[in-house]
Amino acid sequence: MTDNKAIKDSIVQNALPDVPFDGWTDQTLERAALAAGYDASMVQAVFPRGVRDALLHFSGWVDGLMLDQLKGVDPSAMKIRERVAFAVRTRFEVLEEHREAERLAIAYWMRPFRKIDGAKIVWKTADVIWLWAGDTSTDYNHYTKRALLSGVLTSTAFFWLNDQSAERKDSWAFLSRRIDNVLSVGKIVGRFKTA
């Protein structure tokens with residue numbers, strides 16, 4: 001049986017070098033399919049909605065790379081804020097060589113009628129990070145944590161894309177401030193819920 005994930009991974013990876021120059025387009029994906037050794041029609045077979053589906057897969061692929069980088073890290077040795085901040089930073093570090101592709105992906109999701117799917121992507125990444133960090137909540141806290149972290153991921157992405165500091169140190173300082181702010185908001189929410 002054909003491994004669709006492997007095919008999708010291969011097409012997205014082959015597209016990445018061209019995306020900064022040609023954008024996320026059906027033509028870019030078709031050339032990537034050919035470069036990966038498939039017929040151009042494979043794009044429609046594995047990405048029925050074209051670029052939209054390819055970008056959904058791209059985000060999941062990056063999440064997978066992030067988790068691969070985190071395999072040797074013991075989250076229990078860190079405080080919760082440190083776990084979350086470390087995972088978020090790791091994801092952006094994984095994306096470093098694909099900054100322009102990520103910039104264009106974000107621009108794609110910012111267009112009308114695409115923002116809902118874009119928000120779902122960020123939510124999914126927030127969920128992956130919280131699960132790695134050891135979160136097992138199933139009540140309102142589950143949704144609150146992911147909503148707050150989604151905001152952190154979004155604001156940090158915009159900052160990171162425009163950060164020209166050495167080794168993106170300004171981005172990591174910004175991320176740290178945002179995480180601290182989110183945790184204080186989370187505590188306030190918690191107090192309201194238990195009152």
# chains A, B, ... in the order shown; residues from 1 in each chain; ligands from 1

$ residues_around --residues "Glu167 (chain A)" --least-positions-apart "6" --cutoff "12 Å" --atoms "only C-alpha atoms" --output "PyMOL selection string"
chain A and resi 89+92-93+96+160+173

$ write_last_selection --atoms "N, CA and C atoms" --output "mmCIF file, in the first residue's frame"
data_model
loop_
_atom_site.group_PDB
_atom_site.id
_atom_site.type_symbol
_atom_site.label_atom_id
_atom_site.label_comp_id
_atom_site.auth_asym_id
_atom_site.auth_seq_id
_atom_site.Cartn_x
_atom_site.Cartn_y
_atom_site.Cartn_z
ATOM 1 N N ARG A 89 10.162 27.582 21.077
ATOM 2 C CA ARG A 89 11.435 28.017 20.495
ATOM 3 C C ARG A 89 11.977 26.944 19.544
ATOM 4 N N PHE A 92 10.325 27.119 16.149
ATOM 5 C CA PHE A 92 10.811 28.212 15.304
ATOM 6 C C PHE A 92 12.235 27.944 14.823
ATOM 7 N N GLU A 93 13.031 27.288 15.640
ATOM 8 C CA GLU A 93 14.387 26.944 15.202
ATOM 9 C C GLU A 93 14.346 25.934 14.067
ATOM 10 N N GLU A 96 13.686 27.766 10.900
ATOM 11 C CA GLU A 96 14.637 28.815 10.527
ATOM 12 C C GLU A 96 15.044 28.751 9.058
ATOM 13 N N TRP A 160 9.191 36.987 15.079
ATOM 14 C CA TRP A 160 10.323 36.192 14.575
ATOM 15 C C TRP A 160 10.587 36.446 13.096
ATOM 16 N N ALA A 173 13.528 36.516 23.682
ATOM 17 C CA ALA A 173 13.163 37.406 24.791
ATOM 18 C C ALA A 173 11.686 37.755 24.701
#

$ closest_atom_pairs --of "region 6-40 of chain A" --to "region 49-57 of chain A" --cutoff "10 Å" --atoms "only C-alpha atoms" --output "Markdown table"
| residue | atom | partner | partner_atom | distance |
| --- | --- | --- | --- | --- |
| A:Lys8 | CA | A:His57 | CA | 7.3 |
| A:Asp9 | CA | A:His57 | CA | 7.8 |
| A:Ile11 | CA | A:Ala54 | CA | 8.7 |
| A:Val12 | CA | A:Ala54 | CA | 6.9 |
| A:Ala15 | CA | A:Ala54 | CA | 10.0 |
| A:Trp24 | CA | A:Val51 | CA | 6.4 |
| A:Thr25 | CA | A:Val51 | CA | 6.1 |
| A:Asp26 | CA | A:Val51 | CA | 6.2 |
| A:Gln27 | CA | A:Val51 | CA | 9.7 |
| A:Thr28 | CA | A:Val51 | CA | 9.3 |
| A:Leu29 | CA | A:Val51 | CA | 7.8 |
| A:Glu30 | CA | A:Gly50 | CA | 9.8 |

$ write_last_selection --atoms "N, CA and C atoms" --output "PDB file, in the first residue's frame"
ATOM      1  N   LYS A   8       3.369  12.918   0.627  1.00  0.00           N
ATOM      2  CA  LYS A   8       3.110  14.321   0.987  1.00  0.00           C
ATOM      3  C   LYS A   8       4.375  14.982   1.505  1.00  0.00           C
ATOM      4  N   ASP A   9       5.085  14.276   2.395  1.00  0.00           N
ATOM      5  CA  ASP A   9       6.341  14.817   2.927  1.00  0.00           C
ATOM      6  C   ASP A   9       7.307  15.135   1.792  1.00  0.00           C
ATOM      7  N   ILE A  11       6.743  15.699  -1.429  1.00  0.00           N
ATOM      8  CA  ILE A  11       6.326  16.814  -2.285  1.00  0.00           C
ATOM      9  C   ILE A  11       6.563  18.146  -1.589  1.00  0.00           C
ATOM     10  N   VAL A  12       6.177  18.237  -0.321  1.00  0.00           N
ATOM     11  CA  VAL A  12       6.373  19.489   0.428  1.00  0.00           C
ATOM     12  C   VAL A  12       7.857  19.817   0.538  1.00  0.00           C
ATOM     13  N   ALA A  15       9.196  21.117  -2.594  1.00  0.00           N
ATOM     14  CA  ALA A  15       8.639  22.430  -2.942  1.00  0.00           C
ATOM     15  C   ALA A  15       9.358  23.558  -2.201  1.00  0.00           C
ATOM     16  N   TRP A  24       3.630  29.568  -2.713  1.00  0.00           N
ATOM     17  CA  TRP A  24       2.896  28.308  -2.557  1.00  0.00           C
ATOM     18  C   TRP A  24       1.816  28.282  -3.635  1.00  0.00           C
ATOM     19  N   THR A  25       2.075  27.625  -4.728  1.00  0.00           N
ATOM     20  CA  THR A  25       1.121  27.559  -5.839  1.00  0.00           C
ATOM     21  C   THR A  25       0.975  26.116  -6.301  1.00  0.00           C
ATOM     22  N   ASP A  26      -0.074  25.850  -7.072  1.00  0.00           N
ATOM     23  CA  ASP A  26      -0.259  24.508  -7.635  1.00  0.00           C
ATOM     24  C   ASP A  26       0.910  24.145  -8.540  1.00  0.00           C
ATOM     25  N   GLN A  27       1.420  25.135  -9.271  1.00  0.00           N
ATOM     26  CA  GLN A  27       2.539  24.880 -10.179  1.00  0.00           C
ATOM     27  C   GLN A  27       3.801  24.500  -9.402  1.00  0.00           C
ATOM     28  N   THR A  28       4.027  25.179  -8.267  1.00  0.00           N
ATOM     29  CA  THR A  28       5.186  24.846  -7.428  1.00  0.00           C
ATOM     30  C   THR A  28       5.075  23.419  -6.918  1.00  0.00           C
ATOM     31  N   LEU A  29       3.881  23.038  -6.503  1.00  0.00           N
ATOM     32  CA  LEU A  29       3.658  21.683  -5.991  1.00  0.00           C
ATOM     33  C   LEU A  29       3.819  20.644  -7.091  1.00  0.00           C
ATOM     34  N   GLU A  30       3.353  20.949  -8.294  1.00  0.00           N
ATOM     35  CA  GLU A  30       3.482  20.009  -9.405  1.00  0.00           C
ATOM     36  C   GLU A  30       4.947  19.800  -9.780  1.00  0.00           C
TER      37      GLU A  30
END

$ residues_around --residues "Phe158 (chain A)" --least-positions-apart "2" --cutoff "12 Å" --atoms "only C-alpha atoms" --output "short mmCIF file (atom, residue, chain, number, x, y, z; two decimals) with C-alpha atoms, in the first residue's frame"
data_model
loop_
_atom_site.label_atom_id
_atom_site.label_comp_id
_atom_site.auth_asym_id
_atom_site.auth_seq_id
_atom_site.Cartn_x
_atom_site.Cartn_y
_atom_site.Cartn_z
CA PHE A 92 10.81 28.21 15.30
CA ARG A 99 11.50 31.35 7.06
CA GLU A 102 6.57 30.14 6.55
CA ARG A 103 6.08 33.85 5.86
CA LEU A 104 4.22 33.01 2.65
CA ILE A 106 1.06 32.80 7.03
CA ALA A 107 0.19 35.30 4.29
CA GLY A 151 -1.96 33.61 20.77
CA VAL A 152 1.66 33.22 21.83
CA LEU A 153 2.51 31.21 18.71
CA THR A 154 0.88 33.77 16.42
CA SER A 155 2.43 36.87 17.98
CA THR A 156 5.85 35.23 18.23
CA TRP A 160 10.32 36.19 14.58
CA LEU A 161 9.70 36.81 10.89
CA ASN A 162 10.87 40.41 11.29
CA ASP A 163 13.63 39.80 13.82
CA SER A 171 12.54 36.69 19.46
CA PHE A 174 9.80 38.31 23.27
CA LEU A 175 8.64 34.69 23.62
#

$ closest_atom_pairs --of "region 50-104 of chain A" --to "region 125-148 of chain A" --cutoff "12 Å" --atoms "only C-alpha atoms" --output "Markdown table"
| residue | atom | partner | partner_atom | distance |
| --- | --- | --- | --- | --- |
| A:Leu56 | CA | A:Thr125 | CA | 11.1 |
| A:His57 | CA | A:Thr125 | CA | 12.0 |
| A:Phe58 | CA | A:Thr125 | CA | 11.7 |
| A:Ser59 | CA | A:Thr125 | CA | 8.0 |
| A:Gly60 | CA | A:Thr125 | CA | 7.8 |
| A:Trp61 | CA | A:Thr125 | CA | 10.6 |
| A:Val62 | CA | A:Thr125 | CA | 9.2 |
| A:Asp63 | CA | A:Thr125 | CA | 6.5 |
| A:Gly64 | CA | A:Val128 | CA | 9.3 |
| A:Leu65 | CA | A:Val128 | CA | 11.8 |
| A:Met66 | CA | A:Ile129 | CA | 9.2 |
| A:Leu67 | CA | A:Trp132 | CA | 8.0 |
| A:Asp68 | CA | A:Trp132 | CA | 11.3 |
| A:Gln69 | CA | A:Trp132 | CA | 11.8 |
| A:Leu70 | CA | A:Trp132 | CA | 8.6 |
| A:Lys71 | CA | A:Trp132 | CA | 9.6 |
| A:Val73 | CA | A:Trp132 | CA | 10.1 |
| A:Asp74 | CA | A:Ala133 | CA | 9.3 |
| A:Pro75 | CA | A:Ala133 | CA | 6.0 |
| A:Ser76 | CA | A:Ala133 | CA | 8.0 |
| A:Ala77 | CA | A:Ala133 | CA | 10.6 |
| A:Met78 | CA | A:Ala133 | CA | 9.2 |
| A:Lys79 | CA | A:Ala133 | CA | 9.4 |
| A:Ile80 | CA | A:Ala133 | CA | 7.0 |
| A:Arg81 | CA | A:Ala133 | CA | 9.2 |
| A:Glu82 | CA | A:Ala133 | CA | 9.2 |
| A:Arg83 | CA | A:Ala133 | CA | 5.7 |
| A:Val84 | CA | A:Ala133 | CA | 6.4 |
| A:Ala85 | CA | A:Ile129 | CA | 9.5 |
| A:Phe86 | CA | A:Ile129 | CA | 9.6 |
| A:Ala87 | CA | A:Ile129 | CA | 6.3 |
| A:Val88 | CA | A:Ile129 | CA | 7.4 |
| A:Arg89 | CA | A:Ile129 | CA | 10.8 |
| A:Thr90 | CA | A:Ile129 | CA | 10.3 |
| A:Arg91 | CA | A:Thr125 | CA | 9.4 |
| A:Phe92 | CA | A:Thr125 | CA | 11.8 |

$ write_last_selection --atoms "N, CA and C atoms" --output "tab-separated table (two decimals), in the first residue's frame"
chain	number	residue	atom	x	y	z
A	56	LEU	N	-1.59	22.65	5.13
A	56	LEU	CA	-2.00	21.93	6.34
A	56	LEU	C	-0.97	20.85	6.65
A	57	HIS	N	-0.52	20.18	5.61
A	57	HIS	CA	0.48	19.13	5.81
A	57	HIS	C	1.83	19.72	6.21
A	58	PHE	N	2.19	20.83	5.62
A	58	PHE	CA	3.46	21.51	5.95
A	58	PHE	C	3.54	21.80	7.45
A	59	SER	N	2.46	22.32	8.01
A	59	SER	CA	2.46	22.63	9.43
A	59	SER	C	2.61	21.37	10.28
A	60	GLY	N	1.91	20.31	9.90
A	60	GLY	CA	2.04	19.05	10.63
A	60	GLY	C	3.43	18.46	10.50
A	61	TRP	N	4.03	18.63	9.33
A	61	TRP	CA	5.40	18.16	9.09
A	61	TRP	C	6.37	18.88	10.02
A	62	VAL	N	6.19	20.20	10.16
A	62	VAL	CA	7.05	20.98	11.06
A	62	VAL	C	6.83	20.55	12.51
A	63	ASP	N	5.58	20.30	12.88
A	63	ASP	CA	5.30	19.80	14.24
A	63	ASP	C	6.06	18.50	14.49
A	64	GLY	N	6.10	17.64	13.47
A	64	GLY	CA	6.82	16.37	13.59
A	64	GLY	C	8.31	16.58	13.77
A	65	LEU	N	8.88	17.52	13.02
A	65	LEU	CA	10.30	17.84	13.16
A	65	LEU	C	10.59	18.39	14.55
A	66	MET	N	9.67	19.21	15.06
A	66	MET	CA	9.82	19.76	16.41
A	66	MET	C	9.86	18.62	17.43
A	67	LEU	N	8.93	17.69	17.33
A	67	LEU	CA	8.89	16.57	18.27
A	67	LEU	C	10.14	15.71	18.16
A	68	ASP	N	10.66	15.54	16.94
A	68	ASP	CA	11.91	14.79	16.77
A	68	ASP	C	13.04	15.46	17.55
A	69	GLN	N	13.10	16.80	17.50
A	69	GLN	CA	14.13	17.54	18.21
A	69	GLN	C	13.95	17.45	19.73
A	70	LEU	N	12.71	17.25	20.16
A	70	LEU	CA	12.41	17.22	21.59
A	70	LEU	C	12.53	15.82	22.20
A	71	LYS	N	12.80	14.82	21.39
A	71	LYS	CA	12.84	13.44	21.89
A	71	LYS	C	13.86	13.23	23.00
A	73	VAL	N	14.76	15.35	25.20
A	73	VAL	CA	14.55	16.31	26.29
A	73	VAL	C	13.54	15.75	27.28
A	74	ASP	N	13.86	15.83	28.56
A	74	ASP	CA	12.95	15.37	29.61
A	74	ASP	C	12.15	16.56	30.13
A	75	PRO	N	10.88	16.68	29.71
A	75	PRO	CA	10.09	17.84	30.14
A	75	PRO	C	9.88	17.90	31.65
A	76	SER	N	9.91	16.74	32.32
A	76	SER	CA	9.66	16.74	33.76
A	76	SER	C	10.78	17.43	34.54
A	77	ALA	N	11.92	17.66	33.88
A	77	ALA	CA	13.04	18.33	34.54
A	77	ALA	C	12.89	19.85	34.50
A	78	MET	N	11.83	20.32	33.83
A	78	MET	CA	11.62	21.76	33.68
A	78	MET	C	10.29	22.18	34.29
A	79	LYS	N	10.20	23.46	34.64
A	79	LYS	CA	8.93	24.02	35.07
A	79	LYS	C	8.02	24.11	33.84
A	80	ILE	N	6.72	24.22	34.08
A	80	ILE	CA	5.76	24.25	32.97
A	80	ILE	C	6.07	25.36	31.98
A	81	ARG	N	6.31	26.57	32.45
A	81	ARG	CA	6.58	27.68	31.53
A	81	ARG	C	7.83	27.39	30.69
A	82	GLU	N	8.83	26.74	31.32
A	82	GLU	CA	10.07	26.43	30.61
A	82	GLU	C	9.83	25.38	29.53
A	83	ARG	N	8.97	24.40	29.84
A	83	ARG	CA	8.65	23.36	28.86
A	83	ARG	C	8.00	23.97	27.62
A	84	VAL	N	6.99	24.79	27.87
A	84	VAL	CA	6.24	25.39	26.77
A	84	VAL	C	7.13	26.32	25.95
A	85	ALA	N	7.88	27.16	26.63
A	85	ALA	CA	8.77	28.10	25.93
A	85	ALA	C	9.83	27.35	25.13
A	86	PHE	N	10.37	26.29	25.70
A	86	PHE	CA	11.40	25.51	25.01
A	86	PHE	C	10.84	24.86	23.75
A	87	ALA	N	9.63	24.32	23.85
A	87	ALA	CA	9.02	23.67	22.68
A	87	ALA	C	8.71	24.68	21.59
A	88	VAL	N	8.17	25.83	21.98
A	88	VAL	CA	7.85	26.86	20.98
A	88	VAL	C	9.13	27.33	20.30
A	89	ARG	N	10.16	27.58	21.08
A	89	ARG	CA	11.43	28.02	20.49
A	89	ARG	C	11.98	26.94	19.54
A	90	THR	N	11.89	25.69	19.96
A	90	THR	CA	12.36	24.59	19.11
A	90	THR	C	11.64	24.58	17.77
A	91	ARG	N	10.34	24.83	17.80
A	91	ARG	CA	9.59	24.84	16.54
A	91	ARG	C	10.08	25.94	15.60
A	92	PHE	N	10.32	27.12	16.15
A	92	PHE	CA	10.81	28.21	15.30
A	92	PHE	C	12.23	27.94	14.82

$ atom_distance --atom1 "CA of Gln164 (chain A)" --atom2 "CA of Trp123 (chain A)"
27.0 Å

$ select_by_dssp --residues "region 26-178 of chain A" --states "alpha helix (DSSP H)" --output "PyMOL selection string"
chain A and resi 26-35+42-46+51-70+80-95+99-109+115-132+140-161+169-178

$ atom_distance --atom1 "CA of Ser41 (chain A)" --atom2 "CA of His98 (chain A)"
25.4 Å

$ atom_distance --atom1 "CA of Asp117 (chain A)" --atom2 "CA of Ser150 (chain A)"
13.2 Å
